[in-house]
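The structure file data25.cif is reproduced below (mmCIF, C-alpha atoms).
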```
data_protein
loop_
_atom_site.group_PDB
_atom_site.id
_atom_site.type_symbol
_atom_site.label_atom_id
_atom_site.label_comp_id
_atom_site.auth_asym_id
_atom_site.auth_seq_id
_atom_site.Cartn_x
_atom_site.Cartn_y
_atom_site.Cartn_z
ATOM 1 C CA MET A 1 -7.936 -15.417 8.265
ATOM 2 C CA ASN A 2 -10.676 -16.850 10.422
ATOM 3 C CA GLY A 3 -12.841 -14.315 12.175
ATOM 4 C CA LEU A 4 -12.249 -11.231 10.077
ATOM 5 C CA ASN A 5 -16.001 -10.748 10.413
ATOM 6 C CA GLY A 6 -15.144 -9.785 13.973
ATOM 7 C CA LYS A 7 -16.823 -10.911 17.168
ATOM 8 C CA GLN A 8 -20.416 -11.937 17.074
ATOM 9 C CA ILE A 9 -22.101 -8.681 17.983
ATOM 10 C CA VAL A 10 -25.562 -8.616 19.486
ATOM 11 C CA GLU A 11 -27.746 -6.120 17.688
ATOM 12 C CA THR A 12 -28.517 -3.143 19.812
ATOM 13 C CA THR A 13 -29.249 0.534 19.489
ATOM 14 C CA SER A 14 -26.378 2.112 17.525
ATOM 15 C CA VAL A 15 -24.169 4.621 19.316
ATOM 16 C CA VAL A 16 -23.887 6.481 15.980
ATOM 17 C CA SER A 17 -26.925 7.572 14.021
ATOM 18 C CA LYS A 18 -27.073 6.947 10.311
ATOM 19 C CA ASP A 19 -27.284 10.676 9.727
ATOM 20 C CA LYS A 20 -24.034 11.157 11.619
ATOM 21 C CA PHE A 21 -22.296 8.137 10.114
ATOM 22 C CA GLN A 22 -21.757 9.605 6.661
ATOM 23 C CA SER A 23 -20.035 12.722 7.969
ATOM 24 C CA LEU A 24 -17.823 10.630 10.276
ATOM 25 C CA PHE A 25 -16.953 8.255 7.430
ATOM 26 C CA LEU A 26 -15.855 11.175 5.259
ATOM 27 C CA GLU A 27 -13.317 12.186 7.902
ATOM 28 C CA PHE A 28 -11.224 9.057 7.253
ATOM 29 C CA GLU A 29 -12.396 8.025 3.774
ATOM 30 C CA ALA A 30 -9.217 9.244 2.039
ATOM 31 C CA GLN A 31 -7.074 7.329 4.527
ATOM 32 C CA LEU A 32 -9.204 4.215 4.060
ATOM 33 C CA LYS A 33 -8.817 4.369 0.276
ATOM 34 C CA SER A 34 -5.052 4.822 0.470
ATOM 35 C CA TYR A 35 -4.854 1.869 2.883
ATOM 36 C CA LEU A 36 -6.832 -0.300 0.487
ATOM 37 C CA TYR A 37 -4.673 0.868 -2.407
ATOM 38 C CA ARG A 38 -1.542 -0.206 -0.577
ATOM 39 C CA ILE A 39 -3.060 -3.648 0.021
ATOM 40 C CA THR A 40 -4.402 -4.161 -3.503
ATOM 41 C CA ALA A 41 -1.965 -2.032 -5.586
ATOM 42 C CA ASN A 42 -5.010 -1.233 -7.716
ATOM 43 C CA ARG A 43 -6.848 2.100 -7.695
ATOM 44 C CA SER A 44 -10.127 0.692 -9.036
ATOM 45 C CA ASP A 45 -10.151 -2.105 -6.478
ATOM 46 C CA ALA A 46 -9.428 0.337 -3.650
ATOM 47 C CA GLU A 47 -12.290 2.587 -4.684
ATOM 48 C CA ASP A 48 -14.690 -0.346 -5.146
ATOM 49 C CA ILE A 49 -13.840 -1.833 -1.748
ATOM 50 C CA SER A 50 -14.182 1.559 -0.093
ATOM 51 C CA GLN A 51 -17.660 1.965 -1.569
ATOM 52 C CA ASP A 52 -18.652 -1.582 -0.578
ATOM 53 C CA THR A 53 -17.334 -0.891 2.928
ATOM 54 C CA PHE A 54 -19.455 2.219 3.276
ATOM 55 C CA LEU A 55 -22.590 0.392 2.164
ATOM 56 C CA LYS A 56 -21.977 -2.604 4.419
ATOM 57 C CA ALA A 57 -21.105 -0.461 7.429
ATOM 58 C CA TYR A 58 -24.164 1.709 6.877
ATOM 59 C CA GLU A 59 -26.361 -1.372 6.596
ATOM 60 C CA LYS A 60 -24.927 -2.925 9.774
ATOM 61 C CA LEU A 61 -24.567 0.260 11.786
ATOM 62 C CA ALA A 62 -27.040 -1.006 14.383
ATOM 63 C CA THR A 63 -24.485 -3.682 15.341
ATOM 64 C CA TYR A 64 -21.815 -1.125 16.240
ATOM 65 C CA ARG A 65 -21.655 -0.901 20.032
ATOM 66 C CA GLY A 66 -18.723 1.459 20.429
ATOM 67 C CA GLU A 67 -16.307 -1.208 21.711
ATOM 68 C CA SER A 68 -13.720 0.295 19.377
ATOM 69 C CA SER A 69 -13.566 3.576 17.506
ATOM 70 C CA LEU A 70 -15.861 3.854 14.505
ATOM 71 C CA LYS A 71 -12.756 4.139 12.308
ATOM 72 C CA THR A 72 -11.370 0.841 13.637
ATOM 73 C CA TRP A 73 -14.745 -0.848 13.122
ATOM 74 C CA VAL A 74 -14.939 0.415 9.521
ATOM 75 C CA PHE A 75 -11.347 -0.626 8.806
ATOM 76 C CA GLN A 76 -12.258 -4.092 10.111
ATOM 77 C CA ILE A 77 -15.068 -4.333 7.573
ATOM 78 C CA ALA A 78 -12.853 -3.010 4.770
ATOM 79 C CA THR A 79 -10.038 -5.400 5.661
ATOM 80 C CA HIS A 80 -12.389 -8.377 5.585
ATOM 81 C CA ILE A 81 -13.618 -7.422 2.112
ATOM 82 C CA ALA A 82 -10.097 -6.755 0.832
ATOM 83 C CA PHE A 83 -8.798 -10.023 2.280
ATOM 84 C CA ASN A 84 -11.508 -12.057 0.582
ATOM 85 C CA ARG A 85 -10.704 -10.416 -2.761
ATOM 86 C CA GLN A 86 -6.939 -10.772 -2.404
ATOM 87 C CA LYS A 87 -6.531 -14.161 -0.731
ATOM 88 C CA HIS A 88 -6.412 -16.116 -3.994
ATOM 89 C CA ASN A 89 -3.742 -13.862 -5.536
ATOM 90 C CA LYS A 90 -0.120 -14.952 -5.428
ATOM 91 C CA ARG A 91 2.324 -13.166 -3.167
ATOM 92 C CA TRP A 92 4.361 -10.820 -5.289
ATOM 93 C CA LYS A 93 7.896 -11.856 -6.166
ATOM 94 C CA VAL A 94 10.833 -9.909 -4.806
ATOM 95 C CA ASP A 95 12.009 -9.154 -8.359
ATOM 96 C CA VAL A 96 8.587 -8.135 -9.671
ATOM 97 C CA SER A 97 9.875 -4.682 -10.653
ATOM 98 C CA GLU A 98 12.722 -6.125 -12.719
ATOM 99 C CA GLU A 99 10.295 -8.425 -14.490
ATOM 100 C CA ALA A 100 7.982 -5.465 -15.077
ATOM 101 C CA LYS A 101 10.908 -3.546 -16.581
ATOM 102 C CA ARG A 102 11.561 -6.385 -19.025
ATOM 103 C CA LEU A 103 7.861 -6.493 -19.852
ATOM 104 C CA VAL A 104 7.829 -2.769 -20.655
ATOM 105 C CA MET A 105 10.966 -3.009 -22.796
ATOM 106 C CA GLU A 106 9.375 -5.815 -24.814
ATOM 107 C CA ASN A 107 5.947 -4.178 -25.089
ATOM 108 C CA PRO A 108 5.875 -0.834 -26.968
ATOM 109 C CA SER A 109 2.274 -0.130 -25.960
ATOM 110 C CA LEU A 110 3.216 -0.236 -22.278
ATOM 111 C CA SER A 111 6.301 1.938 -22.657
ATOM 112 C CA GLN A 112 4.311 4.426 -24.729
ATOM 113 C CA LYS A 113 1.593 4.524 -22.076
ATOM 114 C CA ILE A 114 4.175 5.359 -19.415
ATOM 115 C CA LEU A 115 5.749 8.110 -21.536
ATOM 116 C CA LEU A 116 2.377 9.627 -22.460
ATOM 117 C CA THR A 117 1.275 9.635 -18.836
ATOM 118 C CA ARG A 118 4.550 11.281 -17.826
ATOM 119 C CA SER A 119 4.270 14.009 -20.469
ATOM 120 C CA GLU A 120 0.526 14.671 -20.630
ATOM 121 C CA SER A 121 -1.101 13.841 -17.300
ATOM 122 C CA PRO A 122 -1.324 16.470 -14.531
ATOM 123 C CA SER A 123 -0.647 13.516 -12.189
ATOM 124 C CA GLY A 124 2.253 12.138 -14.208
ATOM 125 C CA VAL A 125 5.164 13.685 -12.340
ATOM 126 C CA TYR A 126 8.033 11.365 -11.401
ATOM 127 C CA GLU A 127 9.383 11.989 -7.913
ATOM 128 C CA VAL A 128 11.698 9.549 -6.179
ATOM 129 C CA LYS A 129 9.787 9.843 -2.892
ATOM 130 C CA GLU A 130 6.651 8.552 -4.628
ATOM 131 C CA HIS A 131 8.600 5.729 -6.164
ATOM 132 C CA ILE A 132 9.868 4.756 -2.704
ATOM 133 C CA ASP A 133 6.244 4.707 -1.547
ATOM 134 C CA THR A 134 5.273 2.477 -4.462
ATOM 135 C CA CYS A 135 8.288 0.250 -3.830
ATOM 136 C CA PHE A 136 7.124 -0.253 -0.240
ATOM 137 C CA THR A 137 3.706 -1.348 -1.536
ATOM 138 C CA CYS A 138 5.344 -3.864 -3.880
ATOM 139 C CA MET A 139 7.734 -5.225 -1.258
ATOM 140 C CA ALA A 140 4.961 -5.527 1.354
ATOM 141 C CA LYS A 141 3.064 -7.683 -1.142
ATOM 142 C CA ASN A 142 5.888 -10.226 -0.785
ATOM 143 C CA LEU A 143 4.422 -10.974 2.646
ATOM 144 C CA PRO A 144 1.498 -13.297 3.399
ATOM 145 C CA ILE A 145 -1.566 -11.095 3.244
ATOM 146 C CA GLU A 146 -2.240 -11.084 7.004
ATOM 147 C CA LYS A 147 1.317 -9.929 7.685
ATOM 148 C CA GLN A 148 1.050 -7.319 4.958
ATOM 149 C CA ILE A 149 -2.146 -5.968 6.524
ATOM 150 C CA ALA A 150 -0.785 -5.981 10.077
ATOM 151 C CA LEU A 151 2.400 -4.195 9.040
ATOM 152 C CA ILE A 152 0.627 -1.488 7.040
ATOM 153 C CA LEU A 153 -1.928 -0.860 9.778
ATOM 154 C CA LYS A 154 0.798 -0.544 12.407
ATOM 155 C CA ASP A 155 3.644 1.230 10.640
ATOM 156 C CA ILE A 156 1.859 3.389 8.073
ATOM 157 C CA TYR A 157 -1.540 4.132 9.660
ATOM 158 C CA ASP A 158 -0.496 4.070 13.332
ATOM 159 C CA PHE A 159 -3.158 1.656 14.574
ATOM 160 C CA SER A 160 -2.331 0.256 17.983
ATOM 161 C CA THR A 161 -1.684 -3.442 18.452
ATOM 162 C CA LYS A 162 -4.994 -3.721 20.333
ATOM 163 C CA GLU A 163 -6.848 -2.168 17.410
ATOM 164 C CA ILE A 164 -5.173 -4.528 14.939
ATOM 165 C CA VAL A 165 -6.197 -7.436 17.186
ATOM 166 C CA LEU A 166 -9.816 -6.355 16.668
ATOM 167 C CA ILE A 167 -9.409 -5.777 12.934
ATOM 168 C CA LEU A 168 -7.784 -9.163 12.280
ATOM 169 C CA ASN A 169 -9.404 -11.075 15.149
ATOM 170 C CA LYS A 170 -5.994 -12.409 16.173
ATOM 171 C CA SER A 171 -4.335 -12.660 19.555
ATOM 172 C CA TYR A 172 -2.208 -9.820 20.870
ATOM 173 C CA ALA A 173 0.921 -11.991 20.748
ATOM 174 C CA SER A 174 0.165 -13.086 17.189
ATOM 175 C CA VAL A 175 -0.190 -9.500 15.951
ATOM 176 C CA LYS A 176 3.032 -8.425 17.662
ATOM 177 C CA HIS A 177 4.881 -11.342 16.075
ATOM 178 C CA MET A 178 3.445 -10.633 12.611
ATOM 179 C CA VAL A 179 4.521 -6.991 12.749
ATOM 180 C CA SER A 180 7.977 -7.754 14.117
ATOM 181 C CA SER A 181 8.754 -10.524 11.646
ATOM 182 C CA SER A 182 7.409 -8.452 8.735
ATOM 183 C CA ARG A 183 9.705 -5.562 9.623
ATOM 184 C CA GLU A 184 12.657 -7.944 9.664
ATOM 185 C CA ILE A 185 11.708 -9.420 6.295
ATOM 186 C CA LEU A 186 11.354 -6.022 4.618
ATOM 187 C CA SER A 187 14.554 -4.712 6.195
ATOM 188 C CA ASP A 188 16.410 -7.723 4.787
ATOM 189 C CA ILE A 189 14.858 -7.219 1.347
ATOM 190 C CA TYR A 190 15.933 -3.590 1.264
ATOM 191 C CA GLU A 191 19.407 -4.411 2.570
ATOM 192 C CA ASN A 192 19.996 -6.990 -0.156
ATOM 193 C CA ARG A 193 18.228 -5.317 -3.057
ATOM 194 C CA CYS A 194 17.791 -1.553 -2.782
ATOM 195 C CA ALA A 195 20.565 0.600 -4.241
ATOM 196 C CA LEU A 196 19.341 3.492 -2.086
ATOM 197 C CA VAL A 197 20.271 1.422 0.966
ATOM 198 C CA ASN A 198 23.175 -0.687 -0.242
ATOM 199 C CA LYS A 199 25.308 0.409 -3.194
ATOM 200 C CA ASN A 200 25.679 -3.261 -4.080
ATOM 201 C CA GLY A 201 21.906 -3.765 -4.146
ATOM 202 C CA VAL A 202 20.616 -5.287 -7.374
ATOM 203 C CA CYS A 203 17.667 -2.924 -7.857
ATOM 204 C CA HIS A 204 18.455 0.482 -9.359
ATOM 205 C CA GLN A 205 14.956 1.171 -10.664
ATOM 206 C CA CYS A 206 14.569 4.540 -8.904
ATOM 207 C CA LYS A 207 17.670 5.816 -10.705
ATOM 208 C CA GLU A 208 16.855 4.124 -14.021
ATOM 209 C CA LEU A 209 13.304 5.434 -14.110
ATOM 210 C CA ASN A 210 14.507 8.908 -13.315
ATOM 211 C CA GLN A 211 17.024 8.775 -16.176
ATOM 212 C CA TRP A 212 14.249 7.673 -18.522
ATOM 213 C CA LEU A 213 11.479 9.991 -17.351
ATOM 214 C CA ASN A 214 13.492 13.025 -16.179
ATOM 215 C CA PRO A 215 16.516 12.983 -18.504
ATOM 216 C CA SER A 216 17.495 16.640 -18.150
ATOM 217 C CA ASP A 217 16.577 17.813 -14.642
ATOM 218 C CA ASP A 218 18.282 17.727 -11.263
ATOM 219 C CA HIS A 219 16.588 14.605 -9.869
ATOM 220 C CA GLU A 220 19.816 12.654 -10.349
ATOM 221 C CA GLN A 221 21.551 14.819 -7.786
ATOM 222 C CA LYS A 222 18.621 14.434 -5.380
ATOM 223 C CA ILE A 223 18.799 10.659 -5.687
ATOM 224 C CA GLU A 224 22.560 10.661 -5.040
ATOM 225 C CA ILE A 225 22.044 12.801 -1.940
ATOM 226 C CA MET A 226 19.335 10.429 -0.717
ATOM 227 C CA MET A 227 21.533 7.413 -1.366
ATOM 228 C CA ARG A 228 24.365 8.881 0.704
ATOM 229 C CA ALA A 229 22.002 9.842 3.530
ATOM 230 C CA LEU A 230 20.364 6.426 3.654
ATOM 231 C CA GLY A 231 23.700 4.681 3.421
ATOM 232 C CA SER A 232 24.840 6.194 6.703
ATOM 233 C CA THR A 233 22.145 4.514 8.818
ATOM 234 C CA ASP A 234 21.550 0.973 10.054
ATOM 235 C CA SER A 235 18.777 -1.186 8.623
ATOM 236 C CA ARG A 236 16.249 -0.553 11.406
ATOM 237 C CA ASN A 237 16.597 3.202 11.130
ATOM 238 C CA LEU A 238 16.424 2.949 7.344
ATOM 239 C CA TYR A 239 13.129 1.144 7.668
ATOM 240 C CA LYS A 240 11.817 3.836 10.034
ATOM 241 C CA LEU A 241 12.924 6.576 7.624
ATOM 242 C CA ARG A 242 10.990 4.915 4.824
ATOM 243 C CA THR A 243 7.822 4.579 6.852
ATOM 244 C CA GLN A 244 8.044 8.215 7.951
ATOM 245 C CA LEU A 245 8.286 9.260 4.324
ATOM 246 C CA ILE A 246 5.451 6.974 3.279
ATOM 247 C CA LYS A 247 3.138 8.191 6.052
ATOM 248 C CA ALA A 248 3.347 11.679 4.564
ATOM 249 C CA ILE A 249 2.153 10.498 1.145
ATOM 250 C CA ASP A 250 -1.358 9.778 -0.049
ATOM 251 C CA PRO A 251 -0.581 7.581 -3.064
ATOM 252 C CA LEU A 252 -3.955 8.407 -4.641
ATOM 253 C CA GLN A 253 -3.494 12.169 -4.432
ATOM 254 C CA THR A 254 0.159 12.881 -5.238
ATOM 255 C CA SER A 255 1.415 14.759 -8.287
ATOM 256 C CA GLY A 256 2.588 11.452 -9.695
ATOM 257 C CA SER A 257 -0.371 9.253 -8.749
ATOM 258 C CA GLU A 258 -1.423 8.381 -12.310
ATOM 259 C CA LEU A 259 2.106 7.532 -13.372
ATOM 260 C CA GLN A 260 2.593 5.329 -10.316
ATOM 261 C CA GLU A 261 -0.690 3.552 -11.066
ATOM 262 C CA VAL A 262 0.587 2.738 -14.574
ATOM 263 C CA LEU A 263 3.852 1.403 -13.123
ATOM 264 C CA LEU A 264 1.953 -0.703 -10.592
ATOM 265 C CA ARG A 265 -0.219 -2.036 -13.367
ATOM 266 C CA CYS A 266 2.904 -3.366 -15.078
ATOM 267 C CA ASN A 267 3.675 -5.249 -11.866
ATOM 268 C CA ARG A 268 0.116 -6.564 -11.698
ATOM 269 C CA ILE A 269 0.464 -7.837 -15.264
ATOM 270 C CA VAL A 270 3.634 -9.691 -14.306
ATOM 271 C CA MET A 271 1.787 -11.305 -11.390
ATOM 272 C CA GLY A 272 -1.182 -12.257 -13.561
ATOM 273 C CA GLU A 273 -3.557 -9.826 -11.865
ATOM 274 C CA ASP A 274 -4.196 -7.600 -14.878
ATOM 275 C CA ASP A 275 -4.504 -7.741 -18.633
ATOM 276 C CA ALA A 276 -1.523 -6.621 -20.709
ATOM 277 C CA ILE A 277 -3.800 -5.087 -23.342
ATOM 278 C CA LEU A 278 -4.142 -1.300 -22.921
#
```

How does the structure come out when it is put into structure tokens?
Amino acid sequence: MNGLNGKQIVETTSVVSKDKFQSLFLEFEAQLKSYLYRITANRSDAEDISQDTFLKAYEKLATYRGESSLKTWVFQIATHIAFNRQKHNKRWKVDVSEEAKRLVMENPSLSQKILLTRSESPSGVYEVKEHIDTCFTCMAKNLPIEKQIALILKDIYDFSTKEIVLILNKSYASVKHMVSSSREILSDIYENRCALVNKNGVCHQCKELNQWLNPSDDHEQKIEIMMRALGSTDSRNLYKLRTQLIKAIDPLQTSGSELQEVLLRCNRIVMGEDDAIL
């Protein structure tokens, strides 16, 4: 990812004062953190990168000339930091969730952690919509990191192609191709794997987790209704439906955010990004 530092900017008088910067940063800080969380799949990393981004942007504010929105400029800085921290990690495997399931079944401390979080945490609620959001994060991590970033910026955070060009320092054609090919890849993954999309899909984790964590409520019926609704649409529209759902969720603030973080940690353990000891 050459050039994520952005264009060489000549220092000049900032169009935003440092006094004003903090209040402007706060307006999109939650969105920035959720974006970083979807890239890293790690709450601590997202918070650390967000803090580092604020400090670096504040320090270099005099270089901001207003050629893009302040939000785009800050996301460029955050993306550069996140990329440098993530570039040595392996792309996640398509079956990472199945491997995580086996890990949990073989590791009582992990399964107990999940059950305790579900029963005791105020942010331990299991909702299928949040699991779909988490699934999107995991599947997007199957992509090369630049494609993952471009797709999330475009389809979840509604950045324009021109803004993504600035953030990634890529050509317009390159960004368009990355987004298009990434959509096709994810659509194919869902078509072949997701039981919510294709009844013959190999992954039934939404249903299985619900049976484990919500054994006596009506979530099963909700999942069946969702499966029938999704099954009536073609793959492109299914992808759009997912992104519309995901846009409405802040994964760090939902009623199930702590539970989803524990589930993601199991995936990170599988990929060698976290320690299995709790």

Selection dump of the PyMOL selection byres ((chain A and resi 85) around 12), as a PyMOL selection string: chain A and resi 36+39-40+42+45-46+48-49+78-84+86-90+145+273

Non-local contacts of A:Lys129 (9 Å; all atoms listed in the file; under 5 positions in same chain excluded) as a VMD selection string: chain A and resid 134 245 to 246 249

Quick one: pull the distance between atom CA of A:Lys113 and atom CA of A:Leu209, Å, one decimal.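 A separation of 14.2 Å between them.
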
Just to confirm, what's the straight-line distance from atom CA of A:Tyr64 to atom CA of A:Phe25 in Å (one decimal)?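 Between these atoms lies a distance of 13.8 Å.
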
Step by step, work through what the PyMOL selection byres ((chain A and resi 212) around 12) selects in the shown file, and finish by giving those residues as a ChimeraX atom specification. /A:101,105,111,114-115,118-119,126,205-211,213-217,219-220

Rounded to one decimal in Å, what is the spacing between atom CA of A:Ser34 and atom CA of A:Asp250? 6.2 Å

Any chance you could tabulate, as a Markdown table, the residues of stretch 6-84 of chain A at most 10 Å from stretch 153-156 of chain A with each one's nearest atom pair and distance in Å to one decimal, using all atoms listed in the file, in chain and rising number order?
```
| residue | atom | partner | partner_atom | distance |
| --- | --- | --- | --- | --- |
| A:Tyr35 | CA | A:Leu153 | CA | 8.0 |
| A:Arg38 | CA | A:Ile156 | CA | 10.0 |
| A:Phe75 | CA | A:Leu153 | CA | 9.5 |
```

Can you turn the PyMOL selection byres ((chain A and resi 169-183) around 12) into a concrete residue list for this file, as a PyMOL selection string? chain A and resi 1-8+73+76-77+79-80+136+139-156+159-168+184-190+235-240+242-243
